[in-house]
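Trainee: Have a peek at work.cif (mmCIF, C-alpha atoms).
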data_run
#
loop_
_atom_site.label_atom_id
_atom_site.label_comp_id
_atom_site.auth_asym_id
_atom_site.auth_seq_id
_atom_site.Cartn_x
_atom_site.Cartn_y
_atom_site.Cartn_z
CA MET A 1 56.55 107.57 -159.98
CA ARG A 2 59.04 110.40 -160.24
CA LEU A 3 62.61 110.73 -161.43
CA LEU A 4 65.84 110.99 -159.46
CA TYR A 5 68.71 112.73 -161.20
CA SER A 6 72.44 113.17 -161.14
CA ASN A 7 73.60 116.72 -160.57
CA MET A 8 76.32 117.88 -162.93
CA LEU A 9 76.94 120.51 -165.55
CA PRO A 10 75.43 121.18 -167.98
CA LEU A 11 72.45 119.22 -166.56
CA LYS A 12 72.19 120.85 -163.16
CA LEU A 13 69.18 120.03 -161.01
CA GLY A 14 66.05 122.01 -161.77
CA ASP A 15 63.87 123.66 -159.13
CA ARG A 16 61.55 120.66 -158.75
CA GLN A 17 64.09 117.93 -159.39
CA THR A 18 65.64 115.68 -156.73
CA ALA A 19 69.12 114.19 -156.74
CA PHE A 20 69.39 110.44 -156.20
CA ILE A 21 71.82 110.82 -153.28
CA ASP A 22 69.56 113.32 -151.50
CA TYR A 23 66.54 111.04 -151.77
CA PHE A 24 68.60 107.99 -150.75
CA ILE A 25 69.79 109.64 -147.53
CA ASP A 26 66.34 111.02 -146.65
CA ALA A 27 64.62 107.67 -147.26
CA LEU A 28 67.31 105.81 -145.31
CA HIS A 29 66.76 108.00 -142.26
CA GLU A 30 63.01 107.42 -142.49
CA ALA A 31 63.45 103.63 -142.83
CA ASP A 32 64.37 100.96 -140.32
CA GLU A 33 65.27 98.34 -142.97
CA ILE A 34 66.86 98.51 -146.43
CA GLU A 35 67.50 96.02 -149.22
CA ILE A 36 69.75 96.82 -152.17
CA ALA A 37 70.52 94.83 -155.33
CA VAL A 38 73.03 96.38 -157.74
CA GLY A 39 75.48 95.30 -160.41
CA TYR A 40 78.59 97.02 -159.12
CA VAL A 41 79.93 98.65 -155.96
CA SER A 42 83.10 100.46 -154.92
CA LYS A 43 85.24 100.35 -151.80
CA ALA A 44 84.35 103.94 -150.97
CA ALA A 45 80.63 103.30 -151.47
CA LEU A 46 80.72 100.21 -149.23
CA LYS A 47 82.33 102.20 -146.44
CA GLU A 48 79.87 105.03 -146.99
CA LEU A 49 76.91 102.62 -146.83
CA GLN A 50 78.21 101.14 -143.59
CA GLY A 51 78.43 104.60 -142.04
CA LEU A 52 75.01 105.69 -143.29
CA VAL A 53 73.34 102.51 -142.04
CA ASP A 54 74.85 103.05 -138.59
CA GLU A 55 73.98 106.75 -138.59
CA ALA A 56 70.34 106.07 -139.54
CA GLY A 57 69.97 103.29 -136.96
CA ILE A 58 68.93 100.71 -139.56
CA LYS A 59 67.86 97.45 -137.90
CA ARG A 60 68.25 95.19 -140.95
CA ALA A 61 70.21 95.63 -144.18
CA CYS A 62 70.96 93.39 -147.13
CA LEU A 63 73.22 94.25 -150.06
CA THR A 64 73.19 91.91 -153.07
CA ILE A 65 75.90 92.44 -155.71
CA GLY A 66 75.21 91.09 -159.16
CA MET A 67 78.14 91.08 -161.62
CA TYR A 68 81.37 90.10 -159.91
CA TYR A 69 80.85 86.36 -159.47
CA HIS A 70 81.04 85.91 -163.24
CA GLU A 71 83.27 88.85 -164.24
CA GLY A 72 85.73 88.75 -161.38
CA MET A 73 85.88 91.06 -158.38
CA PRO A 74 88.67 93.56 -157.64
CA GLU A 75 90.50 92.25 -154.59
CA GLY A 76 90.15 95.48 -152.60
CA THR A 77 86.43 95.66 -153.31
CA TYR A 78 86.01 92.02 -152.29
CA ASN A 79 87.83 92.64 -149.00
CA ALA A 80 85.68 95.70 -148.29
CA ALA A 81 82.47 93.77 -149.05
CA ALA A 82 83.61 90.83 -146.91
CA ALA A 83 84.42 93.19 -144.04
CA LEU A 84 80.99 94.82 -144.31
CA ASN A 85 79.35 91.39 -144.34
CA GLU A 86 81.34 90.37 -141.26
CA ASP A 87 80.26 93.54 -139.46
CA TRP A 88 76.58 93.15 -140.32
CA THR A 89 76.36 89.42 -139.65
CA GLY A 90 78.34 89.82 -136.43
CA ARG A 91 75.84 92.36 -135.16
CA GLY A 92 72.89 90.40 -136.51
CA ILE A 93 71.59 93.23 -138.71
CA GLY A 94 72.18 91.92 -142.22
CA GLU A 95 74.53 90.52 -144.85
CA VAL A 96 76.25 91.00 -148.20
CA ARG A 97 75.36 88.53 -150.95
CA LEU A 98 76.71 87.80 -154.42
CA VAL A 99 74.50 86.71 -157.32
CA ARG A 100 75.92 83.51 -158.82
CA ALA A 101 73.12 82.13 -161.03
CA PHE A 102 73.68 84.77 -163.71
CA LYS A 103 75.01 88.28 -164.24
CA TYR A 104 72.63 90.65 -162.49
CA HIS A 105 72.83 94.23 -163.73
CA GLY A 106 69.73 95.67 -162.08
CA LYS A 107 69.83 98.56 -159.62
CA VAL A 108 67.10 98.32 -156.99
CA TYR A 109 66.76 100.00 -153.59
CA VAL A 110 63.84 99.14 -151.29
CA PHE A 111 63.18 101.03 -148.04
CA TYR A 112 61.04 99.53 -145.26
CA LYS A 113 59.33 100.83 -142.15
CA ASN A 114 57.76 98.51 -139.58
CA GLY A 115 58.16 95.53 -141.92
CA LYS A 116 56.49 97.16 -144.94
CA PRO A 117 58.11 98.74 -148.03
CA PHE A 118 57.26 102.42 -148.35
CA SER A 119 59.60 103.41 -151.17
CA ALA A 120 61.61 101.78 -153.96
CA VAL A 121 64.14 103.13 -156.45
CA VAL A 122 64.85 101.45 -159.79
CA GLY A 123 67.17 102.83 -162.45
CA SER A 124 70.79 103.14 -163.45
CA HIS A 125 72.41 104.22 -160.16
CA ASN A 126 74.90 101.64 -158.90
CA LEU A 127 75.98 101.84 -155.27
CA GLY A 128 78.90 104.06 -156.27
CA ALA A 129 76.38 106.88 -156.67
CA ILE A 130 76.30 107.35 -152.90
CA LYS A 131 80.04 108.15 -152.84
CA LEU A 132 81.28 109.73 -156.04
CA GLU A 133 84.92 109.32 -157.02
CA ALA A 134 87.06 110.30 -159.97
CA ALA A 135 85.90 107.22 -161.92
CA ASN A 136 82.20 108.14 -161.85
CA LEU A 137 82.24 111.83 -161.06
CA ARG A 138 81.20 112.70 -164.63
CA GLN A 139 78.91 109.69 -165.15
CA TYR A 140 75.29 110.77 -165.44
CA GLU A 141 72.68 108.37 -164.05
CA LEU A 142 68.88 108.44 -163.93
CA SER A 143 66.49 106.48 -161.75
CA ALA A 144 62.81 106.43 -160.82
CA VAL A 145 61.27 106.23 -157.37
CA THR A 146 57.83 104.89 -156.59
CA GLU A 147 55.69 104.85 -153.48
CA GLU A 148 52.66 103.21 -155.14
CA PRO A 149 51.58 100.06 -153.21
CA GLU A 150 51.15 97.82 -156.28
CA GLU A 151 54.53 98.81 -157.75
CA LEU A 152 56.18 98.43 -154.36
CA GLN A 153 54.90 94.88 -154.01
CA GLU A 154 56.21 93.95 -157.46
CA ILE A 155 59.67 95.38 -156.73
CA PHE A 156 59.64 93.84 -153.24
CA ALA A 157 58.90 90.39 -154.70
CA HIS A 158 61.71 90.81 -157.22
CA ILE A 159 64.44 91.78 -154.77
CA ARG A 160 63.41 89.06 -152.32
CA GLU A 161 63.71 86.47 -155.11
CA ILE A 162 67.21 87.73 -155.96
CA MET A 163 68.12 87.16 -152.31
CA LEU A 164 67.03 83.49 -152.39
CA PRO A 165 69.71 80.73 -152.45
CA LYS A 166 68.72 79.78 -156.00
CA CYS A 167 70.09 83.16 -157.14
CA SER A 168 72.64 84.36 -154.59
CA ALA A 169 74.69 83.39 -151.56
CA ASN A 170 76.35 85.10 -148.63
CA ILE A 171 79.79 86.32 -149.70
CA ALA A 172 81.45 84.44 -146.82
CA ASP A 173 80.05 81.13 -148.09
CA LEU A 174 81.52 81.49 -151.58
CA ARG A 175 85.04 80.12 -151.94
CA ASP A 176 85.33 80.41 -155.72
CA VAL A 177 84.85 84.14 -156.33
CA PRO A 178 87.39 85.08 -159.04
CA LEU A 179 89.52 87.93 -157.67
CA ILE A 180 91.25 90.56 -159.79
CA ARG A 181 94.54 91.66 -158.29
CA GLU A 182 94.73 95.43 -158.30
CA VAL A 183 97.93 97.14 -159.35
CA ASN A 184 98.85 100.53 -157.92
CA ARG A 185 99.74 102.56 -161.02
CA ALA A 186 100.44 105.80 -159.16
CA LEU A 187 104.18 105.55 -159.84
CA VAL A 188 104.14 103.88 -163.26
CA ASP A 189 106.42 105.65 -165.77
CA GLN A 190 107.56 108.15 -163.16
CA GLU A 191 111.10 109.51 -163.18
CA PHE A 192 113.51 107.90 -160.69
CA VAL A 193 111.08 105.00 -160.10
CA SER A 194 111.79 101.39 -161.05
CA LYS A 195 110.01 98.15 -160.20
CA VAL A 196 111.81 95.50 -158.16
CA THR A 197 111.35 91.74 -158.07
CA PRO A 198 109.97 89.79 -155.09
CA GLU A 199 113.49 88.42 -154.55
CA GLU A 200 114.88 91.94 -154.28
CA VAL A 201 112.13 92.87 -151.82
CA ASP A 202 113.07 89.88 -149.64
CA ALA A 203 116.72 90.92 -149.81
CA TYR A 204 115.88 94.45 -148.67
CA LYS A 205 113.74 93.12 -145.83
CA LYS A 206 116.69 91.11 -144.53
CA ARG A 207 118.79 94.27 -144.46
CA MET A 208 116.29 96.54 -142.77
CA THR A 209 117.71 98.59 -139.92
CA ASP A 210 116.15 99.86 -136.72
CA VAL A 211 116.63 103.48 -137.82
CA SER A 212 113.31 105.31 -137.87
CA PHE A 213 112.00 108.82 -137.39
CA GLU A 214 108.68 109.84 -135.91
CA LEU A 215 107.28 112.96 -137.57
CA PRO A 216 104.57 114.63 -135.44
CA LEU A 217 101.75 116.11 -137.51
CA LYS A 218 99.77 119.21 -136.62
CA VAL A 219 96.28 118.07 -137.54
CA PRO A 220 93.29 120.28 -136.73
CA GLU A 221 90.18 118.79 -135.18
CA ASP A 222 88.17 120.93 -137.59
CA GLU A 223 89.37 120.82 -141.21
CA ASN A 224 87.87 124.29 -141.69
CA ASP A 225 90.05 125.77 -138.96
CA GLN A 226 91.88 128.54 -140.82
CA SER A 227 94.52 128.82 -138.09
CA MET A 228 95.93 125.45 -139.11
CA ARG A 229 96.54 126.40 -142.74
CA GLY A 230 100.18 127.01 -141.83
CA SER A 231 100.67 123.61 -140.17
CA ASN A 232 103.34 121.14 -141.25
CA ILE A 233 100.86 119.36 -143.54
CA ASN A 234 99.48 122.56 -144.99
CA VAL A 235 99.41 121.41 -148.62
CA CYS A 236 96.55 118.99 -147.96
CA TYR A 237 94.44 121.96 -146.86
CA ALA A 238 95.28 124.07 -149.90
CA GLY A 239 92.50 125.83 -151.78
CA GLY A 240 91.84 125.91 -155.50
CA ARG A 241 90.37 123.28 -157.76
CA LYS A 242 89.46 119.84 -156.46
CA ARG A 243 92.02 117.19 -157.37
CA VAL A 244 91.81 113.40 -157.67
CA TRP A 245 95.12 112.96 -155.84
CA TRP A 246 96.36 114.04 -152.46
CA GLU A 247 99.51 115.92 -151.62
CA ILE A 248 101.32 116.30 -148.33
CA GLU A 249 104.18 118.62 -147.48
CA MET A 250 105.72 117.91 -144.09
CA VAL A 251 108.02 120.44 -142.42
CA VAL A 252 110.54 118.49 -140.33
CA SER A 253 112.01 120.23 -137.30
CA LYS A 254 115.77 120.65 -136.89
CA SER A 255 115.76 118.48 -133.76
CA ILE A 256 114.66 115.53 -135.92
CA ARG A 257 116.88 116.38 -138.90
CA ASP A 258 119.94 116.33 -136.64
CA LEU A 259 119.27 112.79 -135.42
CA PRO A 260 121.76 110.07 -136.49
CA GLY A 261 120.82 108.41 -139.77
CA TYR A 262 118.49 111.15 -141.02
CA PRO A 263 118.98 111.68 -144.80
CA LEU A 264 121.26 114.57 -145.65
CA HIS A 265 120.16 117.76 -147.38
CA GLN A 266 120.13 117.38 -151.20
CA GLN A 267 121.70 113.93 -150.96
CA PRO A 268 119.60 111.24 -152.69
CA PHE A 269 118.66 108.06 -150.91
CA MET A 270 116.72 105.03 -152.02
CA ALA A 271 113.41 103.89 -150.55
CA VAL A 272 111.49 100.67 -151.11
CA ARG A 273 107.73 100.96 -150.92
CA ASN A 274 105.44 98.10 -149.98
CA CYS A 275 104.18 98.11 -153.57
CA ARG A 276 107.60 96.91 -154.75
CA GLU A 277 108.87 100.05 -156.34
CA ILE A 278 112.16 101.85 -155.78
CA ILE A 279 112.00 105.61 -155.50
CA CYS A 280 114.97 107.93 -155.57
CA ILE A 281 114.15 110.69 -153.10
CA PHE A 282 115.78 114.07 -152.67
CA LEU A 283 115.24 116.10 -149.54
CA GLU A 284 114.80 119.73 -150.43
CA SER A 285 115.86 121.86 -147.51
CA MET A 286 113.67 120.80 -144.58
CA LEU A 287 110.67 119.64 -146.65
CA ILE A 288 109.52 116.13 -147.45
CA TYR A 289 107.08 116.18 -150.37
CA VAL A 290 104.87 113.19 -151.12
CA MET A 291 102.31 112.92 -153.91
CA ASN A 292 100.02 109.99 -154.61
CA GLU A 293 97.19 109.71 -157.13
CA PHE A 294 95.11 107.39 -154.93
CA SER A 295 94.18 108.39 -151.43
CA ASP A 296 94.06 104.81 -150.12
CA SER A 297 97.23 103.44 -151.71
CA GLY A 298 99.99 104.92 -149.61
CA GLY A 299 103.10 102.99 -148.62
CA HIS A 300 105.84 102.89 -146.03
CA PHE A 301 109.32 104.16 -146.83
CA HIS A 302 112.45 102.55 -145.47
CA GLY A 303 115.69 104.38 -146.26
CA THR A 304 118.62 102.20 -147.32
#
Using structure tokens, write down the structure that the file contains.
Mentor:
Amino acid sequence: MRLLYSNMLPLKLGDRQTAFIDYFIDALHEADEIEIAVGYVSKAALKELQGLVDEAGIKRACLTIGMYYHEGMPEGTYNAAAALNEDWTGRGIGEVRLVRAFKYHGKVYVFYKNGKPFSAVVGSHNLGAIKLEAANLRQYELSAVTEEPEELQEIFAHIREIMLPKCSANIADLRDVPLIREVNRALVDQEFVSKVTPEEVDAYKKRMTDVSFELPLKVPEDENDQSMRGSNINVCYAGGRKRVWWEIEMVVSKSIRDLPGYPLHQQPFMAVRNCREIICIFLESMLIYVMNEFSDSGGHFHGT
């Protein structure tokens, strides 16, 4: 047995220490099957796992999630898990299961080759450890990995029992998973922003016009292409410290600004986002500036 670490200041990895994520990726590429049982997951981690499984050519995968059936599952996370399950079951390579007999807070990863387990990780790393985000970026975790046959058999027997119907079920077969509706708080308490009622949203929808503007974006194939730093979305390629939000600055050409219905310079107009918030927007010169604290929570703007 040896330890797998997180890697963050002031506890940076030592010369002979291995990060959990590095070992996970190496073992996954050596394996042809993987079974995971964890307490919690994240949308980003689920998407990352899907990509890694495809990249490594895994023939069979099973992810069992232990806490949400009793605590409630964030709606976005549920949808991501259901989509992953649909993908795996559709291709006949695996499934996503939820523990329903009790709250399961273990974190177990078992890697197989030719039908036999060759490595297992047990510890505190939830699935979110394979795709760090703002919420767990400064959360230190520690796990242990074993390749000893006797220990592998014990861990193998445990994870297979968690996968049995007496403990868990395929996420698609469960109709009573309590869902937690997620609220986008990116614009809460922001100046010039107010929340609107569903009735107001319906009223705005009935008054939507056909006026729209297509803004072409200069996006480089290679994000490291320095020649694109002056493109019309240059802010998203800015240097400096890493941020937990994204920013976009779009430079709109005069040919588009002169089109009928385009908002006038320094004249406010109102926009209704799909998250039911009204934003008062000012166009500064030829720039449109958008900031959002969550990279996957953007909305569509309709000028009224």
Trainee: Determine the residue set returned by the PyMOL selection byres ((chain A and resi 211) around 9) for the present structure, and present it as a list in words.
Mentor: Met208, Thr209, Asp210, Ser212, Phe213, Pro260, Gly261, Tyr262, His302 and Gly303 of chain A
Trainee: Which value, in Å to one decimal, gives the distance between CA of Pro178 (chain A) and CA of Tyr78 (chain A)?
Mentor: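 CA of Tyr78 (chain A) lies 9.8 Å from CA of Pro178 (chain A).
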Trainee: Find, counting all atoms listed in the file, the residue in A:Pro165, A:Pro74, A:Pro117, A:Gly94 that gets nearest to Gln50 (chain A).
Mentor: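 Nearest candidate to Gln50 (chain A) out of A:Pro165, A:Pro74, A:Pro117, A:Gly94: A:Gly94.
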Trainee: For the provided coordinates, the residues matched by the PyMOL selection byres ((chain A and resi 2) around 7) should be stated as a ChimeraX atom specification.
Mentor: /A:1,3-4,144-146
Trainee: Hey, what's within 9 Å of Gly92 (chain A) if we count all atoms listed in the file and toss same-chain stuff fewer than 4 positions away? As number ranges by chain, please?
Mentor: A: 59-60, 87-88
Trainee: Report, in Å to a single decimal, how far apart CA of Gly115 (chain A) and CA of Gln17 (chain A) are.
Mentor: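 Those two atoms sit 29.0 Å apart.
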Trainee: Would you translate the PyMOL selection byres ((chain A and resi 182) around 8) into the concrete set of residues it matches in this file, as a ChimeraX atom specification?
Mentor: /A:74-76,180-181,183-184
Trainee: Limited to C-alpha atoms, could you put the picked residues into a file as a PDB file, in the frame of the given file?
Mentor:
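Final output, part02.pdb:
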ATOM      1  CA  PRO A  74      88.670  93.560-157.640  1.00  0.00           C
ATOM      2  CA  GLU A  75      90.500  92.250-154.590  1.00  0.00           C
ATOM      3  CA  GLY A  76      90.150  95.480-152.600  1.00  0.00           C
ATOM      4  CA  ILE A 180      91.250  90.560-159.790  1.00  0.00           C
ATOM      5  CA  ARG A 181      94.540  91.660-158.290  1.00  0.00           C
ATOM      6  CA  VAL A 183      97.930  97.140-159.350  1.00  0.00           C
ATOM      7  CA  ASN A 184      98.850 100.530-157.920  1.00  0.00           C
TER       8      ASN A 184
END
Trainee: Go through A:Leu98, A:Phe20, A:Leu11, A:Phe156 one by one, measure the shortest atom-to-atom distance of each to Ser143 (chain A) using all atoms listed in the file, and give the residue with the smallest value.
Mentor: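 Checking each candidate against Ser143 (chain A), we get A:Phe20 as the closest.
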Trainee: Using only C-alpha atoms, which residues sit within 12 Å of Glu71 (chain A) once same-chain residues fewer than 3 positions away are excluded, as a ChimeraX atom specification?
Mentor: /A:39-40,65-68,74,98-100,102-105,177-180
Trainee: Which value, in Å to one decimal, gives the distance between CA of Arg97 (chain A) and CA of Gly128 (chain A)?
Mentor: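 Result for CA of Arg97 (chain A) versus CA of Gly128 (chain A): 16.8 Å, one decimal.
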Trainee: Edge lengths and centre, in Å to one decimal, as AutoDock Vina command-line options: that's what I need for the box along x, y and z that holds all listed atoms of region 200-218 of chain A plus 4 Å on each side.
Mentor:
--center_x 109.3 --center_y 104.5 --center_z -144.9 --size_x 27.0 --size_y 37.3 --size_z 26.8
Trainee: Out of A:Leu217, A:His29, A:Gly106, A:Glu55, which residue has the shortest atom-to-atom distance to His158 (chain A) when counting all atoms listed in the file?
Mentor: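 For His158 (chain A), the nearest of the candidates is A:Gly106.
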Trainee: What lies within 9 Å of Glu30 (chain A) using all atoms listed in the file, ignoring chain neighbours under 6 positions off, as a VMD selection string?
Mentor: chain A and resid 56 111 to 113
Trainee: Can you tell me which residues surround Asp22 (chain A) at a distance of at most 12 Å, considering all atoms listed in the file, apart from same-chain residues fewer than 4 positions away, and format the answer as a count of residues only?
Mentor: 14
Trainee: Just checking: using all atoms listed in the file, which residue out of A:Val201, A:Ile93, A:Thr77, A:Cys167 ends up closest to Asp54 (chain A)?
Mentor: A:Ile93
